[in-house]
file run-v7.cif (mmCIF, N, CA and C atoms)
data_input
loop_
_atom_site.label_atom_id
_atom_site.label_comp_id
_atom_site.auth_asym_id
_atom_site.auth_seq_id
_atom_site.Cartn_x
_atom_site.Cartn_y
_atom_site.Cartn_z
N MET W 1 0.84 -1.20 0.00
CA MET W 1 0.00 0.00 0.00
C MET W 1 0.87 1.24 0.00
N SER W 2 1.01 1.86 -1.12
CA SER W 2 1.85 3.04 -1.18
C SER W 2 1.03 4.30 -1.41
N GLU W 3 -0.14 4.34 -0.80
CA GLU W 3 -0.98 5.53 -0.92
C GLU W 3 -0.36 6.64 -0.07
N ARG W 4 -0.24 7.82 -0.65
CA ARG W 4 0.32 8.95 0.09
C ARG W 4 -0.79 9.93 0.43
N PHE W 5 -0.81 10.36 1.66
CA PHE W 5 -1.80 11.33 2.06
C PHE W 5 -1.15 12.71 2.08
N GLU W 6 -1.62 13.57 1.20
CA GLU W 6 -1.06 14.91 1.08
C GLU W 6 -1.48 15.79 2.26
N ARG W 7 -2.52 15.37 2.95
CA ARG W 7 -3.07 16.21 4.02
C ARG W 7 -2.49 15.85 5.38
N HIS W 8 -1.23 15.49 5.41
CA HIS W 8 -0.58 15.05 6.63
C HIS W 8 -0.70 16.10 7.74
N ARG W 9 -1.24 15.66 8.88
CA ARG W 9 -1.37 16.51 10.07
C ARG W 9 -2.23 17.76 9.89
N GLN W 10 -3.16 17.71 8.97
CA GLN W 10 -4.07 18.85 8.77
C GLN W 10 -5.12 18.85 9.87
N PRO W 11 -5.47 20.01 10.39
CA PRO W 11 -6.53 20.05 11.41
C PRO W 11 -7.88 19.67 10.79
N TRP W 12 -8.75 19.10 11.61
CA TRP W 12 -10.08 18.70 11.14
C TRP W 12 -10.97 19.93 11.05
N THR W 13 -11.69 20.04 9.95
CA THR W 13 -12.65 21.14 9.82
C THR W 13 -13.98 20.70 10.42
N GLN W 14 -14.82 21.66 10.75
CA GLN W 14 -16.13 21.35 11.32
C GLN W 14 -16.95 20.51 10.35
N ASP W 15 -16.80 20.80 9.07
CA ASP W 15 -17.52 20.08 8.02
C ASP W 15 -17.12 18.60 8.00
N GLU W 16 -15.81 18.35 8.11
CA GLU W 16 -15.30 16.98 8.10
C GLU W 16 -15.78 16.21 9.33
N ILE W 17 -15.78 16.87 10.47
CA ILE W 17 -16.23 16.23 11.70
C ILE W 17 -17.69 15.82 11.58
N GLN W 18 -18.50 16.71 11.01
CA GLN W 18 -19.91 16.43 10.82
C GLN W 18 -20.11 15.24 9.88
N LYS W 19 -19.32 15.20 8.81
CA LYS W 19 -19.40 14.10 7.84
C LYS W 19 -18.98 12.79 8.50
N LEU W 20 -17.95 12.84 9.34
CA LEU W 20 -17.49 11.65 10.06
C LEU W 20 -18.60 11.10 10.94
N HIS W 21 -19.26 11.98 11.67
CA HIS W 21 -20.36 11.57 12.55
C HIS W 21 -21.48 10.93 11.74
N THR W 22 -21.83 11.55 10.62
CA THR W 22 -22.91 11.04 9.77
C THR W 22 -22.58 9.65 9.23
N LEU W 23 -21.37 9.50 8.68
CA LEU W 23 -20.97 8.22 8.10
C LEU W 23 -20.86 7.13 9.16
N ALA W 24 -20.35 7.48 10.33
CA ALA W 24 -20.21 6.50 11.41
C ALA W 24 -21.59 6.02 11.88
N LYS W 25 -22.55 6.95 11.95
CA LYS W 25 -23.90 6.58 12.38
C LYS W 25 -24.59 5.70 11.36
N LYS W 26 -24.23 5.86 10.07
CA LYS W 26 -24.80 5.01 9.02
C LYS W 26 -24.23 3.60 9.05
N GLY W 27 -23.15 3.43 9.81
CA GLY W 27 -22.55 2.11 9.94
C GLY W 27 -21.54 1.78 8.86
N MET W 28 -20.95 2.81 8.26
CA MET W 28 -19.94 2.57 7.23
C MET W 28 -18.64 2.06 7.83
N ALA W 29 -17.88 1.33 7.03
CA ALA W 29 -16.61 0.77 7.49
C ALA W 29 -15.54 1.85 7.57
N LEU W 30 -14.54 1.59 8.37
CA LEU W 30 -13.45 2.54 8.57
C LEU W 30 -12.77 2.92 7.26
N LYS W 31 -12.51 1.93 6.42
CA LYS W 31 -11.82 2.16 5.16
C LYS W 31 -12.64 3.08 4.26
N ALA W 32 -13.95 2.86 4.22
CA ALA W 32 -14.84 3.67 3.38
C ALA W 32 -14.91 5.11 3.89
N ILE W 33 -14.96 5.27 5.20
CA ILE W 33 -15.02 6.61 5.79
C ILE W 33 -13.72 7.35 5.51
N ALA W 34 -12.59 6.66 5.68
CA ALA W 34 -11.28 7.27 5.43
C ALA W 34 -11.17 7.74 3.99
N LYS W 35 -11.66 6.92 3.07
CA LYS W 35 -11.60 7.28 1.64
C LYS W 35 -12.52 8.48 1.36
N ALA W 36 -13.70 8.49 1.95
CA ALA W 36 -14.65 9.57 1.73
C ALA W 36 -14.12 10.91 2.25
N LEU W 37 -13.36 10.85 3.33
CA LEU W 37 -12.82 12.07 3.93
C LEU W 37 -11.39 12.38 3.45
N THR W 38 -10.87 11.54 2.60
CA THR W 38 -9.48 11.62 2.12
C THR W 38 -8.51 11.81 3.29
N ARG W 39 -8.65 10.95 4.27
CA ARG W 39 -7.77 10.92 5.44
C ARG W 39 -7.35 9.48 5.69
N SER W 40 -6.29 9.31 6.44
CA SER W 40 -5.83 7.95 6.73
C SER W 40 -6.80 7.27 7.69
N GLU W 41 -6.80 5.94 7.65
CA GLU W 41 -7.68 5.18 8.55
C GLU W 41 -7.31 5.47 10.00
N GLU W 42 -6.02 5.60 10.25
CA GLU W 42 -5.53 5.88 11.61
C GLU W 42 -6.07 7.22 12.11
N SER W 43 -6.04 8.22 11.25
CA SER W 43 -6.52 9.55 11.60
C SER W 43 -8.02 9.52 11.91
N VAL W 44 -8.76 8.82 11.07
CA VAL W 44 -10.21 8.71 11.25
C VAL W 44 -10.52 7.98 12.56
N LYS W 45 -9.78 6.91 12.80
CA LYS W 45 -9.99 6.11 14.01
C LYS W 45 -9.73 6.95 15.27
N ASP W 46 -8.63 7.71 15.24
CA ASP W 46 -8.28 8.55 16.38
C ASP W 46 -9.33 9.63 16.64
N ARG W 47 -9.80 10.25 15.55
CA ARG W 47 -10.80 11.31 15.69
C ARG W 47 -12.12 10.75 16.22
N ALA W 48 -12.52 9.59 15.71
CA ALA W 48 -13.76 8.95 16.15
C ALA W 48 -13.66 8.61 17.64
N LYS W 49 -12.52 8.12 18.06
CA LYS W 49 -12.31 7.78 19.46
C LYS W 49 -12.40 9.02 20.33
N ALA W 50 -11.79 10.11 19.86
CA ALA W 50 -11.81 11.38 20.61
C ALA W 50 -13.24 11.91 20.75
N ASP W 51 -14.06 11.66 19.72
CA ASP W 51 -15.44 12.14 19.73
C ASP W 51 -16.40 11.12 20.35
N GLY W 52 -15.89 9.98 20.77
CA GLY W 52 -16.74 8.96 21.37
C GLY W 52 -17.62 8.22 20.40
N LEU W 53 -17.19 8.14 19.13
CA LEU W 53 -17.96 7.42 18.11
C LEU W 53 -17.45 5.99 17.99
N SER W 54 -18.34 5.10 17.60
CA SER W 54 -17.88 3.75 17.32
C SER W 54 -18.04 3.50 15.82
N ILE W 55 -17.01 2.95 15.22
CA ILE W 55 -17.04 2.68 13.79
C ILE W 55 -17.24 1.19 13.58
N ALA W 56 -18.17 0.86 12.71
CA ALA W 56 -18.51 -0.53 12.46
C ALA W 56 -17.31 -1.29 11.90
N LYS W 57 -17.16 -2.52 12.37
CA LYS W 57 -16.10 -3.37 11.84
C LYS W 57 -16.74 -4.37 10.89
N LEU W 58 -16.22 -4.42 9.67
CA LEU W 58 -16.77 -5.36 8.70
C LEU W 58 -16.31 -6.76 9.01
N ARG W 59 -17.22 -7.71 8.88
CA ARG W 59 -16.86 -9.11 9.14
C ARG W 59 -17.10 -9.93 7.91
#

call {"tool": "encode", "arguments": {"input": "run-v7.cif", "output": "structure tokens"}}
result
Amino acid sequence: MSERFERHRQPWTQDEIQKLHTLAKKGMALKAIAKALTRSEESVKDRAKADGLSIAKLR
């Protein structure tokens, strides 16, 4: 996986946070949310944890 994220260490905008909450509530997978927000999975996971959100795990 040699995907490069150009937005390294960028602060989260209010718009992105709202989108994260919406997608997490819909039950989307971490990978899909990360792609939709053009952020790394690690970044999305950390932000969701900070906001007290749970992200669905695909089985």

call {"tool": "residues_around", "arguments": {"input": "run-v7.cif", "residues": "segment 22-35 of chain W", "least_positions_apart": "6", "cutoff": "7 Å", "atoms": "all atoms listed in the file", "output": "list in words"}}
result
Glu41, Val44, Ser54, Ile55, Ala56, Lys57 and Leu58 of chain W

call {"tool": "atom_distance", "arguments": {"input": "run-v7.cif", "atom1": "atom CA of Gly52 of chain W", "atom2": "atom N of Pro11 of chain W"}}
result
19.2 Å

call {"tool": "atom_distance", "arguments": {"input": "run-v7.cif", "atom1": "atom CA of Arg39 of chain W", "atom2": "atom CA of Lys19 of chain W"}}
result
12.3 Å

call {"tool": "atom_distance", "arguments": {"input": "run-v7.cif", "atom1": "atom CA of His21 of chain W", "atom2": "atom CA of Ala48 of chain W"}}
result
8.0 Å

call {"tool": "select_by_dssp", "arguments": {"input": "run-v7.cif", "residues": "segment 8-43 of chain W", "states": "alpha helix (DSSP H)", "output": "mmCIF file with N, CA and C atoms, in the coordinates of the input"}}
result
data_model
loop_
_atom_site.group_PDB
_atom_site.id
_atom_site.type_symbol
_atom_site.label_atom_id
_atom_site.label_comp_id
_atom_site.auth_asym_id
_atom_site.auth_seq_id
_atom_site.Cartn_x
_atom_site.Cartn_y
_atom_site.Cartn_z
ATOM 1 N N GLN W 14 -14.820 21.660 10.750
ATOM 2 C CA GLN W 14 -16.130 21.350 11.320
ATOM 3 C C GLN W 14 -16.950 20.510 10.350
ATOM 4 N N ASP W 15 -16.800 20.800 9.070
ATOM 5 C CA ASP W 15 -17.520 20.080 8.020
ATOM 6 C C ASP W 15 -17.120 18.600 8.000
ATOM 7 N N GLU W 16 -15.810 18.350 8.110
ATOM 8 C CA GLU W 16 -15.300 16.980 8.100
ATOM 9 C C GLU W 16 -15.780 16.210 9.330
ATOM 10 N N ILE W 17 -15.780 16.870 10.470
ATOM 11 C CA ILE W 17 -16.230 16.230 11.700
ATOM 12 C C ILE W 17 -17.690 15.820 11.580
ATOM 13 N N GLN W 18 -18.500 16.710 11.010
ATOM 14 C CA GLN W 18 -19.910 16.430 10.820
ATOM 15 C C GLN W 18 -20.110 15.240 9.880
ATOM 16 N N LYS W 19 -19.320 15.200 8.810
ATOM 17 C CA LYS W 19 -19.400 14.100 7.840
ATOM 18 C C LYS W 19 -18.980 12.790 8.500
ATOM 19 N N LEU W 20 -17.950 12.840 9.340
ATOM 20 C CA LEU W 20 -17.490 11.650 10.060
ATOM 21 C C LEU W 20 -18.600 11.100 10.940
ATOM 22 N N HIS W 21 -19.260 11.980 11.670
ATOM 23 C CA HIS W 21 -20.360 11.570 12.550
ATOM 24 C C HIS W 21 -21.480 10.930 11.740
ATOM 25 N N THR W 22 -21.830 11.550 10.620
ATOM 26 C CA THR W 22 -22.910 11.040 9.770
ATOM 27 C C THR W 22 -22.580 9.650 9.230
ATOM 28 N N LEU W 23 -21.370 9.500 8.680
ATOM 29 C CA LEU W 23 -20.970 8.220 8.100
ATOM 30 C C LEU W 23 -20.860 7.130 9.160
ATOM 31 N N ALA W 24 -20.350 7.480 10.330
ATOM 32 C CA ALA W 24 -20.210 6.500 11.410
ATOM 33 C C ALA W 24 -21.590 6.020 11.880
ATOM 34 N N LYS W 25 -22.550 6.950 11.950
ATOM 35 C CA LYS W 25 -23.900 6.580 12.380
ATOM 36 C C LYS W 25 -24.590 5.700 11.360
ATOM 37 N N LYS W 26 -24.230 5.860 10.070
ATOM 38 C CA LYS W 26 -24.800 5.010 9.020
ATOM 39 C C LYS W 26 -24.230 3.600 9.050
ATOM 40 N N LEU W 30 -14.540 1.590 8.370
ATOM 41 C CA LEU W 30 -13.450 2.540 8.570
ATOM 42 C C LEU W 30 -12.770 2.920 7.260
ATOM 43 N N LYS W 31 -12.510 1.930 6.420
ATOM 44 C CA LYS W 31 -11.820 2.160 5.160
ATOM 45 C C LYS W 31 -12.640 3.080 4.260
ATOM 46 N N ALA W 32 -13.950 2.860 4.220
ATOM 47 C CA ALA W 32 -14.840 3.670 3.380
ATOM 48 C C ALA W 32 -14.910 5.110 3.890
ATOM 49 N N ILE W 33 -14.960 5.270 5.200
ATOM 50 C CA ILE W 33 -15.020 6.610 5.790
ATOM 51 C C ILE W 33 -13.720 7.350 5.510
ATOM 52 N N ALA W 34 -12.590 6.660 5.680
ATOM 53 C CA ALA W 34 -11.280 7.270 5.430
ATOM 54 C C ALA W 34 -11.170 7.740 3.990
ATOM 55 N N LYS W 35 -11.660 6.920 3.070
ATOM 56 C CA LYS W 35 -11.600 7.280 1.640
ATOM 57 C C LYS W 35 -12.520 8.480 1.360
ATOM 58 N N ALA W 36 -13.700 8.490 1.950
ATOM 59 C CA ALA W 36 -14.650 9.570 1.730
ATOM 60 C C ALA W 36 -14.120 10.910 2.250
ATOM 61 N N LEU W 37 -13.360 10.850 3.330
ATOM 62 C CA LEU W 37 -12.820 12.070 3.930
ATOM 63 C C LEU W 37 -11.390 12.380 3.450
ATOM 64 N N GLU W 41 -6.800 5.940 7.650
ATOM 65 C CA GLU W 41 -7.680 5.180 8.550
ATOM 66 C C GLU W 41 -7.310 5.470 10.000
ATOM 67 N N GLU W 42 -6.020 5.600 10.250
ATOM 68 C CA GLU W 42 -5.530 5.880 11.610
ATOM 69 C C GLU W 42 -6.070 7.220 12.110
ATOM 70 N N SER W 43 -6.040 8.220 11.250
ATOM 71 C CA SER W 43 -6.520 9.550 11.600
ATOM 72 C C SER W 43 -8.020 9.520 11.910
#

call {"tool": "build_atoms", "arguments": {"input": "run-v7.cif", "residues": "segment 43-54 of chain W", "atoms": "all heavy atoms", "output": "PDB file, keeping the file's coordinate frame"}}
result
ATOM      1  N   SER W  43      -6.040   8.220  11.250  1.00  0.00           N
ATOM      2  CA  SER W  43      -6.520   9.550  11.600  1.00  0.00           C
ATOM      3  C   SER W  43      -8.020   9.520  11.910  1.00  0.00           C
ATOM      4  O   SER W  43      -8.478  10.109  12.885  1.00  0.00           O
ATOM      5  CB  SER W  43      -6.238  10.508  10.446  1.00  0.00           C
ATOM      6  OG  SER W  43      -6.871  11.737  10.651  1.00  0.00           O
ATOM      7  N   VAL W  44      -8.760   8.820  11.070  1.00  0.00           N
ATOM      8  CA  VAL W  44     -10.210   8.710  11.250  1.00  0.00           C
ATOM      9  C   VAL W  44     -10.520   7.980  12.560  1.00  0.00           C
ATOM     10  O   VAL W  44     -11.382   8.388  13.329  1.00  0.00           O
ATOM     11  CB  VAL W  44     -10.874   7.987  10.053  1.00  0.00           C
ATOM     12  CG1 VAL W  44     -12.335   7.685  10.328  1.00  0.00           C
ATOM     13  CG2 VAL W  44     -10.738   8.829   8.793  1.00  0.00           C
ATOM     14  N   LYS W  45      -9.780   6.910  12.800  1.00  0.00           N
ATOM     15  CA  LYS W  45      -9.990   6.110  14.010  1.00  0.00           C
ATOM     16  C   LYS W  45      -9.730   6.950  15.270  1.00  0.00           C
ATOM     17  O   LYS W  45     -10.514   6.920  16.220  1.00  0.00           O
ATOM     18  CB  LYS W  45      -9.054   4.903  13.995  1.00  0.00           C
ATOM     19  CG  LYS W  45      -9.502   3.780  14.914  1.00  0.00           C
ATOM     20  CD  LYS W  45      -8.455   2.683  15.086  1.00  0.00           C
ATOM     21  CE  LYS W  45      -7.921   2.145  13.797  1.00  0.00           C
ATOM     22  NZ  LYS W  45      -6.907   1.080  14.008  1.00  0.00           N
ATOM     23  N   ASP W  46      -8.630   7.710  15.240  1.00  0.00           N
ATOM     24  CA  ASP W  46      -8.280   8.550  16.380  1.00  0.00           C
ATOM     25  C   ASP W  46      -9.330   9.630  16.640  1.00  0.00           C
ATOM     26  O   ASP W  46      -9.699   9.897  17.774  1.00  0.00           O
ATOM     27  CB  ASP W  46      -6.917   9.226  16.161  1.00  0.00           C
ATOM     28  CG  ASP W  46      -5.765   8.237  16.263  1.00  0.00           C
ATOM     29  OD1 ASP W  46      -5.975   7.114  16.754  1.00  0.00           O
ATOM     30  OD2 ASP W  46      -4.656   8.600  15.830  1.00  0.00           O
ATOM     31  N   ARG W  47      -9.800  10.250  15.550  1.00  0.00           N
ATOM     32  CA  ARG W  47     -10.800  11.310  15.690  1.00  0.00           C
ATOM     33  C   ARG W  47     -12.120  10.750  16.220  1.00  0.00           C
ATOM     34  O   ARG W  47     -12.774  11.349  17.078  1.00  0.00           O
ATOM     35  CB  ARG W  47     -11.025  12.003  14.331  1.00  0.00           C
ATOM     36  CG  ARG W  47     -11.992  13.163  14.408  1.00  0.00           C
ATOM     37  CD  ARG W  47     -11.406  14.289  15.242  1.00  0.00           C
ATOM     38  NE  ARG W  47     -12.463  15.036  15.880  1.00  0.00           N
ATOM     39  CZ  ARG W  47     -12.343  16.288  16.307  1.00  0.00           C
ATOM     40  NH1 ARG W  47     -11.224  16.922  16.156  1.00  0.00           N
ATOM     41  NH2 ARG W  47     -13.334  16.900  16.888  1.00  0.00           N
ATOM     42  N   ALA W  48     -12.520   9.590  15.710  1.00  0.00           N
ATOM     43  CA  ALA W  48     -13.760   8.950  16.150  1.00  0.00           C
ATOM     44  C   ALA W  48     -13.660   8.610  17.640  1.00  0.00           C
ATOM     45  O   ALA W  48     -14.620   8.804  18.390  1.00  0.00           O
ATOM     46  CB  ALA W  48     -14.034   7.702  15.334  1.00  0.00           C
ATOM     47  N   LYS W  49     -12.520   8.120  18.060  1.00  0.00           N
ATOM     48  CA  LYS W  49     -12.310   7.780  19.460  1.00  0.00           C
ATOM     49  C   LYS W  49     -12.400   9.020  20.330  1.00  0.00           C
ATOM     50  O   LYS W  49     -13.017   9.011  21.397  1.00  0.00           O
ATOM     51  CB  LYS W  49     -10.943   7.102  19.619  1.00  0.00           C
ATOM     52  CG  LYS W  49     -10.762   6.393  20.924  1.00  0.00           C
ATOM     53  CD  LYS W  49      -9.450   5.631  20.935  1.00  0.00           C
ATOM     54  CE  LYS W  49      -9.358   4.744  22.167  1.00  0.00           C
ATOM     55  NZ  LYS W  49      -8.107   3.987  22.196  1.00  0.00           N
ATOM     56  N   ALA W  50     -11.790  10.110  19.860  1.00  0.00           N
ATOM     57  CA  ALA W  50     -11.810  11.380  20.610  1.00  0.00           C
ATOM     58  C   ALA W  50     -13.240  11.910  20.750  1.00  0.00           C
ATOM     59  O   ALA W  50     -13.589  12.524  21.754  1.00  0.00           O
ATOM     60  CB  ALA W  50     -10.927  12.399  19.916  1.00  0.00           C
ATOM     61  N   ASP W  51     -14.060  11.660  19.720  1.00  0.00           N
ATOM     62  CA  ASP W  51     -15.440  12.140  19.730  1.00  0.00           C
ATOM     63  C   ASP W  51     -16.400  11.120  20.350  1.00  0.00           C
ATOM     64  O   ASP W  51     -17.605  11.359  20.413  1.00  0.00           O
ATOM     65  CB  ASP W  51     -15.911  12.452  18.309  1.00  0.00           C
ATOM     66  CG  ASP W  51     -15.271  13.728  17.772  1.00  0.00           C
ATOM     67  OD1 ASP W  51     -14.471  14.340  18.497  1.00  0.00           O
ATOM     68  OD2 ASP W  51     -15.585  14.103  16.635  1.00  0.00           O
ATOM     69  N   GLY W  52     -15.890   9.980  20.770  1.00  0.00           N
ATOM     70  CA  GLY W  52     -16.740   8.960  21.370  1.00  0.00           C
ATOM     71  C   GLY W  52     -17.620   8.220  20.400  1.00  0.00           C
ATOM     72  O   GLY W  52     -18.691   7.737  20.750  1.00  0.00           O
ATOM     73  N   LEU W  53     -17.190   8.140  19.130  1.00  0.00           N
ATOM     74  CA  LEU W  53     -17.960   7.420  18.110  1.00  0.00           C
ATOM     75  C   LEU W  53     -17.450   5.990  17.990  1.00  0.00           C
ATOM     76  O   LEU W  53     -16.282   5.730  18.237  1.00  0.00           O
ATOM     77  CB  LEU W  53     -17.774   8.084  16.738  1.00  0.00           C
ATOM     78  CG  LEU W  53     -18.337   9.479  16.555  1.00  0.00           C
ATOM     79  CD1 LEU W  53     -17.890  10.023  15.219  1.00  0.00           C
ATOM     80  CD2 LEU W  53     -19.842   9.441  16.616  1.00  0.00           C
ATOM     81  N   SER W  54     -18.340   5.100  17.600  1.00  0.00           N
ATOM     82  CA  SER W  54     -17.880   3.750  17.320  1.00  0.00           C
ATOM     83  C   SER W  54     -18.040   3.500  15.820  1.00  0.00           C
ATOM     84  O   SER W  54     -19.072   3.838  15.242  1.00  0.00           O
ATOM     85  CB  SER W  54     -18.679   2.726  18.122  1.00  0.00           C
ATOM     86  OG  SER W  54     -20.040   2.808  17.802  1.00  0.00           O
TER      87      SER W  54
END
